[in-house]
Every structure is written in C-alpha cells, then in structure tokens.
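Pasted below: data.txt, compact mmCIF, C-alpha atoms.
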```txt
# COMPACT_ATOMS: atom_id res chain seq x y z
CA MET A 1456 -6.76 2.72 -11.97
CA GLN A 1457 -7.40 5.35 -14.61
CA SER A 1458 -4.93 8.05 -15.58
CA ALA A 1459 -7.29 10.89 -14.67
CA ILE A 1460 -7.94 10.36 -10.97
CA ASN A 1461 -10.18 12.64 -8.95
CA PRO A 1462 -7.61 14.46 -6.81
CA ARG A 1463 -7.60 14.15 -3.05
CA SER A 1464 -4.88 16.80 -2.96
CA SER A 1465 -4.29 19.20 -5.83
CA TRP A 1466 -2.60 22.48 -6.63
CA CYS A 1467 -2.28 24.93 -9.45
CA GLY A 1468 0.98 25.24 -11.30
CA GLY A 1469 2.30 28.07 -13.44
CA GLY A 1470 3.08 28.47 -17.09
CA GLN A 1471 1.65 25.85 -19.43
CA SER A 1472 1.53 23.05 -16.85
CA GLY A 1473 -2.10 23.63 -15.87
CA ARG A 1474 -3.40 21.75 -12.86
CA LEU A 1475 -1.71 18.71 -11.33
CA GLY A 1476 -4.01 16.48 -9.27
CA ILE A 1477 -2.90 13.59 -7.11
CA GLU A 1478 -4.43 10.86 -5.03
CA PHE A 1479 -2.34 8.71 -2.72
CA GLY A 1480 -2.84 5.62 -0.63
CA HIS A 1481 -0.64 3.54 1.70
CA ALA A 1482 -0.89 -0.02 2.99
CA GLN A 1483 1.40 -2.00 5.27
CA VAL A 1484 1.67 -5.49 6.73
CA GLU A 1485 4.04 -6.98 9.28
CA GLY A 1486 6.12 -9.87 8.06
CA VAL A 1487 6.83 -13.23 9.66
CA THR A 1488 9.74 -11.98 11.75
CA SER A 1489 10.86 -11.93 15.37
CA HIS A 1490 10.89 -8.12 15.58
CA PRO A 1491 8.29 -5.34 15.24
CA ILE A 1492 7.75 -3.79 11.82
CA GLU A 1493 10.57 -1.45 10.80
CA ASP A 1494 8.96 0.24 7.77
CA TYR A 1495 7.97 3.91 7.79
CA HIS A 1496 6.48 6.11 5.11
CA VAL A 1497 5.81 9.75 4.24
CA ALA A 1498 2.96 10.95 2.02
CA LYS A 1499 2.10 14.63 2.20
CA VAL A 1500 1.73 17.85 0.25
CA LYS A 1501 3.12 21.08 1.69
CA GLN A 1502 3.62 24.72 0.79
CA PHE A 1503 7.02 25.52 -0.60
CA GLY A 1504 8.59 28.67 -1.99
CA HIS A 1505 6.38 31.49 -3.24
CA GLY A 1506 2.94 29.89 -3.11
CA ASP A 1507 4.01 26.63 -4.73
CA ARG A 1508 3.28 23.20 -3.33
CA ILE A 1509 5.39 20.08 -3.35
CA GLY A 1510 4.40 16.46 -2.91
CA LEU A 1511 6.72 14.46 -0.66
CA PHE A 1512 6.57 10.66 -0.69
CA ALA A 1513 8.91 8.01 0.71
CA ILE A 1514 9.35 4.50 2.02
CA PHE A 1515 12.01 3.86 4.66
CA ASP A 1516 12.72 0.16 5.34
CA GLY A 1517 14.76 -0.23 8.49
CA HIS A 1518 17.04 -3.13 9.41
CA GLY A 1519 18.74 -3.97 12.69
CA GLY A 1520 16.24 -1.73 14.48
CA SER A 1521 13.74 0.99 13.67
CA GLU A 1522 15.57 4.06 14.98
CA VAL A 1523 17.23 5.11 11.71
CA ALA A 1524 14.12 4.61 9.58
CA LYS A 1525 12.00 6.59 12.06
CA TYR A 1526 14.59 9.39 12.15
CA LEU A 1527 14.56 9.62 8.36
CA LYS A 1528 10.76 9.82 8.32
CA GLU A 1529 10.86 12.71 10.77
CA ASN A 1530 13.83 14.65 9.39
CA LEU A 1531 15.04 13.80 5.88
CA PHE A 1532 12.64 15.89 3.81
CA ASP A 1533 13.07 18.94 6.06
CA VAL A 1534 16.84 18.78 5.65
CA VAL A 1535 16.58 18.52 1.86
CA LEU A 1536 14.04 21.34 1.49
CA GLU A 1537 16.07 23.63 3.76
CA HIS A 1538 19.21 23.19 1.64
CA PRO A 1539 20.07 26.60 0.13
CA LYS A 1540 20.39 25.15 -3.39
CA PHE A 1541 17.22 23.04 -3.44
CA SER A 1542 15.48 25.36 -5.93
CA THR A 1543 18.50 25.99 -8.17
CA ASP A 1544 20.38 22.66 -8.10
CA THR A 1545 17.97 20.12 -6.66
CA GLN A 1546 20.07 17.05 -7.32
CA LEU A 1547 23.09 18.55 -5.55
CA ALA A 1548 20.87 19.55 -2.62
CA ILE A 1549 19.55 16.00 -2.32
CA ARG A 1550 23.00 14.41 -2.47
CA GLU A 1551 24.52 16.78 0.08
CA SER A 1552 21.51 16.46 2.38
CA PHE A 1553 21.66 12.65 2.27
CA MET A 1554 25.33 12.81 3.23
CA ALA A 1555 24.69 15.32 6.02
CA ILE A 1556 21.87 13.41 7.68
CA ASP A 1557 23.78 10.13 7.38
CA GLN A 1558 26.67 11.75 9.24
CA ARG A 1559 24.26 12.79 12.00
CA ILE A 1560 23.14 9.17 12.33
CA LEU A 1561 26.72 7.88 12.39
CA ASP A 1562 27.65 10.42 15.05
CA MET A 1563 24.81 9.15 17.25
CA GLY A 1564 26.08 5.64 16.64
CA GLU A 1565 29.35 6.59 18.32
CA THR A 1566 27.65 6.55 21.73
CA SER A 1567 24.51 4.44 21.26
CA ARG A 1568 24.18 0.93 19.86
CA ALA A 1569 20.53 1.66 19.02
CA TRP A 1570 21.72 4.16 16.39
CA ARG A 1571 23.93 1.59 14.67
CA ALA A 1572 20.94 0.26 12.74
CA GLY A 1573 20.30 1.14 9.11
CA SER A 1574 17.59 1.93 6.60
CA THR A 1575 16.75 2.24 2.95
CA ALA A 1576 15.31 5.51 1.65
CA THR A 1577 13.33 5.77 -1.56
CA THR A 1578 12.06 9.33 -1.82
CA ALA A 1579 9.97 11.21 -4.37
CA PHE A 1580 9.61 14.97 -4.85
CA LEU A 1581 6.59 15.88 -6.98
CA MET A 1582 6.85 19.48 -8.15
CA ASP A 1583 3.76 21.51 -8.98
CA LYS A 1584 4.99 22.14 -12.53
CA GLY A 1585 4.96 18.42 -13.31
CA ARG A 1586 8.55 17.50 -12.52
CA LEU A 1587 9.18 14.26 -10.60
CA ILE A 1588 12.46 13.54 -8.82
CA VAL A 1589 13.16 10.17 -7.20
CA ALA A 1590 16.25 9.62 -5.06
CA ASN A 1591 16.94 6.22 -3.58
CA VAL A 1592 19.40 4.40 -1.37
CA GLY A 1593 18.97 0.67 -0.79
CA ASP A 1594 16.59 -1.93 -2.19
CA SER A 1595 13.17 -0.36 -1.77
CA ARG A 1596 11.92 0.46 -5.26
CA ALA A 1597 9.95 3.17 -7.08
CA ILE A 1598 8.23 2.53 -10.42
CA LEU A 1599 6.10 4.62 -12.78
CA SER A 1600 3.21 3.50 -14.97
CA ARG A 1601 3.70 5.29 -18.28
CA GLY A 1602 1.18 4.24 -20.90
CA LYS A 1603 0.53 1.02 -18.94
CA VAL A 1604 4.24 0.12 -19.04
CA ALA A 1605 6.34 -0.07 -15.85
CA ILE A 1606 9.40 2.17 -15.72
CA ASP A 1607 11.85 1.68 -12.86
CA LEU A 1608 12.59 5.03 -11.22
CA SER A 1609 15.15 3.65 -8.78
CA VAL A 1610 18.05 1.22 -8.66
CA ASP A 1611 18.01 -1.85 -6.42
CA HIS A 1612 21.36 -1.50 -4.66
CA GLU A 1613 22.33 -5.16 -4.44
CA PRO A 1614 25.94 -6.09 -3.55
CA GLN A 1615 26.44 -8.62 -6.37
CA LYS A 1616 25.80 -6.09 -9.16
CA PRO A 1617 29.12 -5.34 -10.89
CA GLN A 1618 29.19 -1.60 -10.12
CA GLU A 1619 28.19 -2.15 -6.51
CA ARG A 1620 30.62 -5.02 -5.99
CA GLU A 1621 33.45 -2.93 -7.41
CA MET A 1622 32.60 -0.08 -5.03
CA ILE A 1623 32.44 -2.36 -1.99
CA GLU A 1624 35.66 -4.20 -2.78
CA SER A 1625 37.50 -0.94 -3.52
CA LYS A 1626 36.68 0.08 0.06
CA GLY A 1627 38.04 -3.17 1.47
CA GLY A 1628 34.71 -4.94 1.83
CA GLU A 1629 33.67 -8.44 0.77
CA VAL A 1630 30.65 -9.62 -1.22
CA SER A 1631 29.61 -13.23 -0.66
CA ARG A 1632 26.85 -15.62 0.28
CA ILE A 1633 26.69 -17.15 3.72
CA ILE A 1634 25.19 -20.36 2.35
CA SER A 1635 24.35 -21.54 -1.16
CA GLY A 1636 21.10 -20.00 -2.35
CA ASP A 1637 21.22 -17.11 0.11
CA VAL A 1638 21.27 -13.51 -1.09
CA TYR A 1639 24.61 -11.80 -1.53
CA ARG A 1640 25.72 -9.74 1.46
CA VAL A 1641 28.34 -7.15 2.35
CA ASP A 1642 30.80 -8.64 4.85
CA MET A 1643 28.37 -11.56 5.30
CA THR A 1644 25.89 -9.20 6.94
CA LEU A 1645 24.02 -6.60 4.87
CA ALA A 1646 21.97 -7.56 1.80
CA MET A 1647 22.36 -4.14 0.16
CA SER A 1648 25.27 -1.99 -0.92
CA ARG A 1649 23.88 1.44 0.00
CA ALA A 1650 22.02 2.52 3.11
CA PHE A 1651 21.65 5.16 5.76
CA GLY A 1652 23.38 4.30 9.03
CA ASP A 1653 24.88 0.81 9.39
CA TYR A 1654 27.62 2.16 11.62
CA THR A 1655 29.77 -0.98 11.64
CA LEU A 1656 29.68 -1.38 7.86
CA LYS A 1657 29.78 2.22 6.68
CA ALA A 1658 33.46 2.04 5.69
CA HIS A 1659 32.47 -0.50 3.00
CA ILE A 1660 29.14 0.91 1.75
CA THR A 1661 27.80 4.35 0.81
CA VAL A 1662 24.76 6.59 1.17
CA GLU A 1663 25.23 8.12 -2.30
CA PRO A 1664 21.75 8.11 -3.92
CA ASP A 1665 20.77 7.28 -7.45
CA ILE A 1666 18.50 10.02 -8.81
CA TRP A 1667 15.82 9.92 -11.54
CA ASP A 1668 14.71 13.39 -12.63
CA ASP A 1669 12.24 14.07 -15.43
CA GLU A 1670 9.05 15.83 -16.47
CA LEU A 1671 5.77 13.93 -16.24
CA THR A 1672 3.88 13.24 -19.47
CA ALA A 1673 0.22 12.82 -20.35
CA ASP A 1674 0.81 9.03 -20.39
CA ASP A 1675 1.90 8.89 -16.75
CA GLU A 1676 -0.81 7.28 -14.61
CA PHE A 1677 0.70 6.67 -11.17
CA PHE A 1678 3.88 5.74 -9.37
CA ILE A 1679 4.48 3.13 -6.69
CA ILE A 1680 7.09 3.09 -3.92
CA ALA A 1681 7.40 -0.13 -1.94
CA SER A 1682 9.78 -1.97 0.34
CA ASP A 1683 11.53 -5.10 -0.89
CA GLY A 1684 8.92 -7.36 0.68
CA LEU A 1685 6.79 -6.61 -2.39
CA TRP A 1686 9.53 -6.82 -5.01
CA HIS A 1687 10.79 -10.20 -3.80
CA VAL A 1688 7.59 -11.76 -5.12
CA MET A 1689 6.43 -9.39 -7.87
CA SER A 1690 7.96 -7.72 -10.92
CA SER A 1691 7.55 -4.04 -11.66
CA GLN A 1692 5.21 -4.77 -14.58
CA GLU A 1693 3.09 -7.14 -12.49
CA ALA A 1694 2.69 -4.39 -9.89
CA VAL A 1695 1.56 -1.90 -12.55
CA ASP A 1696 -0.90 -4.37 -14.06
CA LEU A 1697 -2.42 -5.16 -10.68
CA ALA A 1698 -2.62 -1.52 -9.55
CA ARG A 1699 -4.36 -0.50 -12.76
CA GLU A 1700 -7.26 -2.82 -11.91
CA ALA A 1701 -8.01 -0.92 -8.68
CA PRO A 1702 -10.48 2.01 -8.56
CA GLY A 1703 -8.09 4.28 -6.66
CA ALA A 1704 -4.69 4.62 -5.00
CA LYS A 1705 -5.72 3.32 -1.58
CA GLU A 1706 -7.34 0.26 -3.08
CA ALA A 1707 -4.30 -0.33 -5.30
CA ALA A 1708 -1.94 -0.28 -2.30
CA LYS A 1709 -4.11 -2.81 -0.46
CA ALA A 1710 -4.36 -5.04 -3.52
CA LEU A 1711 -0.58 -5.12 -3.92
CA ILE A 1712 -0.11 -6.03 -0.25
CA GLN A 1713 -2.70 -8.81 -0.49
CA ALA A 1714 -1.13 -10.22 -3.64
CA ALA A 1715 2.34 -10.27 -2.04
CA VAL A 1716 1.00 -12.10 1.02
CA ARG A 1717 -0.71 -14.67 -1.22
CA ARG A 1718 2.64 -15.18 -2.93
CA HIS A 1719 4.17 -15.98 0.47
CA SER A 1720 6.29 -12.87 1.02
CA ARG A 1721 7.58 -13.21 4.57
CA ASP A 1722 9.10 -9.74 4.96
CA ASP A 1723 7.51 -6.52 6.20
CA ILE A 1724 5.74 -4.91 3.25
CA SER A 1725 4.96 -1.21 2.87
CA VAL A 1726 3.36 0.10 -0.34
CA LEU A 1727 2.65 3.70 -1.35
CA VAL A 1728 0.68 4.43 -4.55
CA VAL A 1729 0.45 7.97 -5.91
CA GLY A 1730 -2.07 8.57 -8.68
CA LEU A 1731 -1.35 11.32 -11.19
CA GLY A 1732 -3.74 13.45 -13.20
CA VAL A 1733 -2.49 16.22 -15.49
CA ASN A 1734 -5.29 18.38 -16.91
CA GLU A 1735 -4.84 21.31 -19.23
```
Can the structure in the file be given as structure tokens, please?
Amino acid sequence: MQSAINPRSSWCGGGQSGRLGIEFGHAQVEGVTSHPIEDYHVAKVKQFGHGDRIGLFAIFDGHGGSEVAKYLKENLFDVVLEHPKFSTDTQLAIRESFMAIDQRILDMGETSRAWRAGSTATTAFLMDKGRLIVANVGDSRAILSRGKVAIDLSVDHEPQKPQEREMIESKGGEVSRIISGDVYRVDMTLAMSRAFGDYTLKAHITVEPDIWDDELTADDEFFIIASDGLWHVMSSQEAVDLAREAPGAKEAAKALIQAAVRRHSRDDISVLVVGLGVNE
C-alpha cells in the first residue's frame, strides 16, 4: 500500500493542512467458537462543526454477548461528539463520554442479564486538519505505519501488566491464571483489565481509556484497528509489512484476515485499515 492513496472519501482542511484523503476497508471472519460473532465496527466520515468533516473509525469486540458491543457501535461516537467540550478539550470529552455511556450500560445491567456482557472499544477520530486521536479500552489494538515502521497507538489492557495489576488489586480484585499456560484473568474470568460493561466485574476494572493524540506527518501511510484475534498471531510490525504489500485498504484488511487464519487464530477477527494521503 502506497502512502498516497486515491481517496474514496476526502475533504478540504483549513490553514496549511491542504487536502486530507482517506481510503478505508474492513474485513471480518467468525472464529471457531460456540457463539455468533461479537465484533462490530464503525468506518464513516461525517460533517462536524462549521463545514468541517471528521473520520470516525472503531472496532468493538464483545464478550459474554453482543449487546454491549452493538450498543457502542450505535451510540458511542454520537455521545462523544455531542459533548460540549469536544472541540475545546477533546480528551476530556472522550473520557467523560466513555464514563457516561458505561454507566448507561451498567444501569441496564441492573434489570437485564443480557446487558451484563462487555466489550472492548478502540476508537479513532481523524480530524480534517490532520490530527489523529485514538482512545482505547481493552485489548483490541490500533497501529500506525509511519515511514514503514509500526507505531502502537493503543495499549493492550492485560491484567498481568504491573500498572493494570496494581489497579485491579487496589480495587479488591485478583489477577491469576486458571490453569498453567492460560492467559491472566481478572477474578478468574476476564482476560482484560479495562472494558465497557462487565456488570459483575466492574468494581475491579475500569473504563478509563488510554488516549494517543498527535498530528499526522508526511511519513504516515495508514493505520490499522483490529480485534485481538489478529494480534494473538501477528505483531504490529508484521501487520504493517503485510498491509503495505496490498494495493488498497480493502485488500489489506482481507490479506490480514487471511494471514491470521493461516496462522490458526481461532478467535473472531475484525480488521479495519484506513489509508492516509496528505497532499499540499
């Protein structure tokens, strides 16, 4: 995939940013599981503010049911964009919106077991002036190809990591393995330390997102958001190298899925590739 991609969706920015063109593609495969696929995604460009446009991209990987992931797909971006401080303090708006929508989900869990499921959320806000903001909760991952080198834009929220373990244990939770060789889990249940929902575990985990916020450069080719079914069998750099061989974003997403299946990933896999082109 080349750095200057013919845009499928594009918009004009102001100032010295020139034109920002994007191309995006999504691919998905159901894993070897006993339940229907629980992954959802968002990939769209919409009007925002005074004639500006914003690119909205996300992967939501549900667990314990699909209700929470589906709800996030349908509501999370609207809640964030409607926050009164989104334009002036975007990071605060994202954090407060994540907290607010998580509370909605927990409230529904009070009366319905279906709403006691959970979900990751790895979200990207692509501003028309070339700013990219990624906010994530859970173990879906976002990466950026900058000069052919993979840069992680998100944090895999795994319970055994020192900061995450300290947070969980300070709340009265436990981090352990059920059997030798298994992944680490919170209270012998959840294999991540941060998530939306998870009604029965919420006292021991959080929905506080990690946020990456920076201006794009001329070396930035594309970014990838994918559920953990990809990252269990592929490193960030391997994903960049493979995506760069594809002629476009859609083909890159399919190639990543196919490679993960060949490497025997058994989980649901959802991959979103967003190609970037910055032209003066």
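Residues in contact with range 1599-1610 of chain A at up to 8 Å, not including ones fewer than 5 positions away on its chain and judged by all atoms listed in the file, are Thr1577, Val1589, Ala1590, Asn1591, Gly1593, Asp1594, Asp1665, Ile1666, Trp1667, Asp1674, Asp1675, Glu1676, Phe1677, Phe1678, Ile1679, Ser1691, Gln1692, Val1695 and Asp1696 of chain A.
Considering the residues A:Gln1558, A:Thr1578, A:Thr1566, A:Gln1615 and counting all atoms listed in the file, Arg1596 in chain A has its shortest atom-to-atom contact with A:Thr1578.
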>> Neighbouring residues of range 1525-1535 of chain A were defined as those with any atom within 8 Å, considering only C-alpha atoms; residues of the same chain fewer than 6 positions away were excluded. Please report them as JSON, numbers by chain.
In response: {"A": [1495, 1496, 1497, 1511, 1515, 1541, 1548, 1549, 1552, 1553, 1556, 1576]}
>> Between A:His1481, A:Arg1568, A:Arg1508, A:Arg1721, which residue has the minimum interatomic distance to Gly1684 in chain A, considering all atoms listed in the file?
In response: A:Arg1721
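Ranking A:His1538, A:Lys1501, A:Arg1620, A:Arg1640 by their shortest atom-to-atom distance to Asp1583 in chain A, with only C-alpha atoms included, puts A:Lys1501 first.
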Need the shell around Asp1637 in chain A: protein/DNA/RNA residues with any atom at most 10 Å away, counting all atoms listed in the file. Skip same-chain ones fewer than 5 positions apart. Format as a compact mmCIF listing (two decimals) with C-alpha atoms, in the frame of the given file?
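This is the output file part.txt:
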```
# COMPACT_ATOMS: atom_id res chain seq x y z
CA SER A 1631 29.61 -13.23 -0.66
CA ARG A 1632 26.85 -15.62 0.28
CA ALA A 1646 21.97 -7.56 1.80
```
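CA of Asp1494 in chain A to CA of Val1638 in chain A spans 20.5 Å [interatomic distance, one decimal].
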Could you list, as an mmCIF file with C-alpha atoms, keeping the file's coordinate frame, every residue within 10 Å of Gln1483 in chain A, counting only C-alpha atoms and ignoring same-chain residues fewer than 6 positions away?
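As written to disk, selection.cif reads:
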```cif
data_model
loop_
_atom_site.group_PDB
_atom_site.id
_atom_site.type_symbol
_atom_site.label_atom_id
_atom_site.label_comp_id
_atom_site.auth_asym_id
_atom_site.auth_seq_id
_atom_site.Cartn_x
_atom_site.Cartn_y
_atom_site.Cartn_z
ATOM 1 C CA ILE A 1492 7.750 -3.790 11.820
ATOM 2 C CA ASP A 1494 8.960 0.240 7.770
ATOM 3 C CA TYR A 1495 7.970 3.910 7.790
ATOM 4 C CA HIS A 1496 6.480 6.110 5.110
ATOM 5 C CA ALA A 1681 7.400 -0.130 -1.940
ATOM 6 C CA SER A 1682 9.780 -1.970 0.340
ATOM 7 C CA ALA A 1708 -1.940 -0.280 -2.300
ATOM 8 C CA LYS A 1709 -4.110 -2.810 -0.460
ATOM 9 C CA LEU A 1711 -0.580 -5.120 -3.920
ATOM 10 C CA ILE A 1712 -0.110 -6.030 -0.250
ATOM 11 C CA GLN A 1713 -2.700 -8.810 -0.490
ATOM 12 C CA ASP A 1723 7.510 -6.520 6.200
ATOM 13 C CA ILE A 1724 5.740 -4.910 3.250
ATOM 14 C CA SER A 1725 4.960 -1.210 2.870
ATOM 15 C CA VAL A 1726 3.360 0.100 -0.340
ATOM 16 C CA LEU A 1727 2.650 3.700 -1.350
#
```
> Distance CA of Ile1680 in chain A-CA of Ala1597 in chain A, one decimal place?
Replying inline: 4.3 Å
>> Residues near Pro1491 in chain A, anyone? I mean within 12 Å using all atoms listed in the file, not counting same-chain ones fewer than 5 positions away, as a VMD selection string.
In response: chain A and resid 1484 to 1486 1517 to 1522 1722 to 1723
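Within 12 Å of the point (6.8, -10.7, -7.7) in file coordinates, and counting only C-alpha atoms, lie the residues Asp1683, Gly1684, Leu1685, Trp1686, His1687, Val1688, Met1689, Ser1690, Ser1691, Gln1692, Glu1693, Ala1694, Val1695, Asp1696, Leu1697, Leu1711, Ile1712, Ala1714, Ala1715, Val1716, Arg1717, Arg1718, His1719 and Ser1720 of chain A.
Nearest to Ile1477 in chain A of all the residues A:Pro1617, A:Gly1564, A:Pro1664, A:Gly1585 is A:Gly1585, based on only C-alpha atoms.
For the choices A:Met1582, A:Ile1634, A:Ala1710, A:Ile1588, the atom-to-atom distance to Gln1502 in chain A is smallest for A:Met1582 when using all atoms listed in the file.
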>> Just to confirm, what's the straight-line distance from CA of Ser1635 in chain A to CA of Glu1663 in chain A in Å (one decimal)?
In response: 29.7 Å
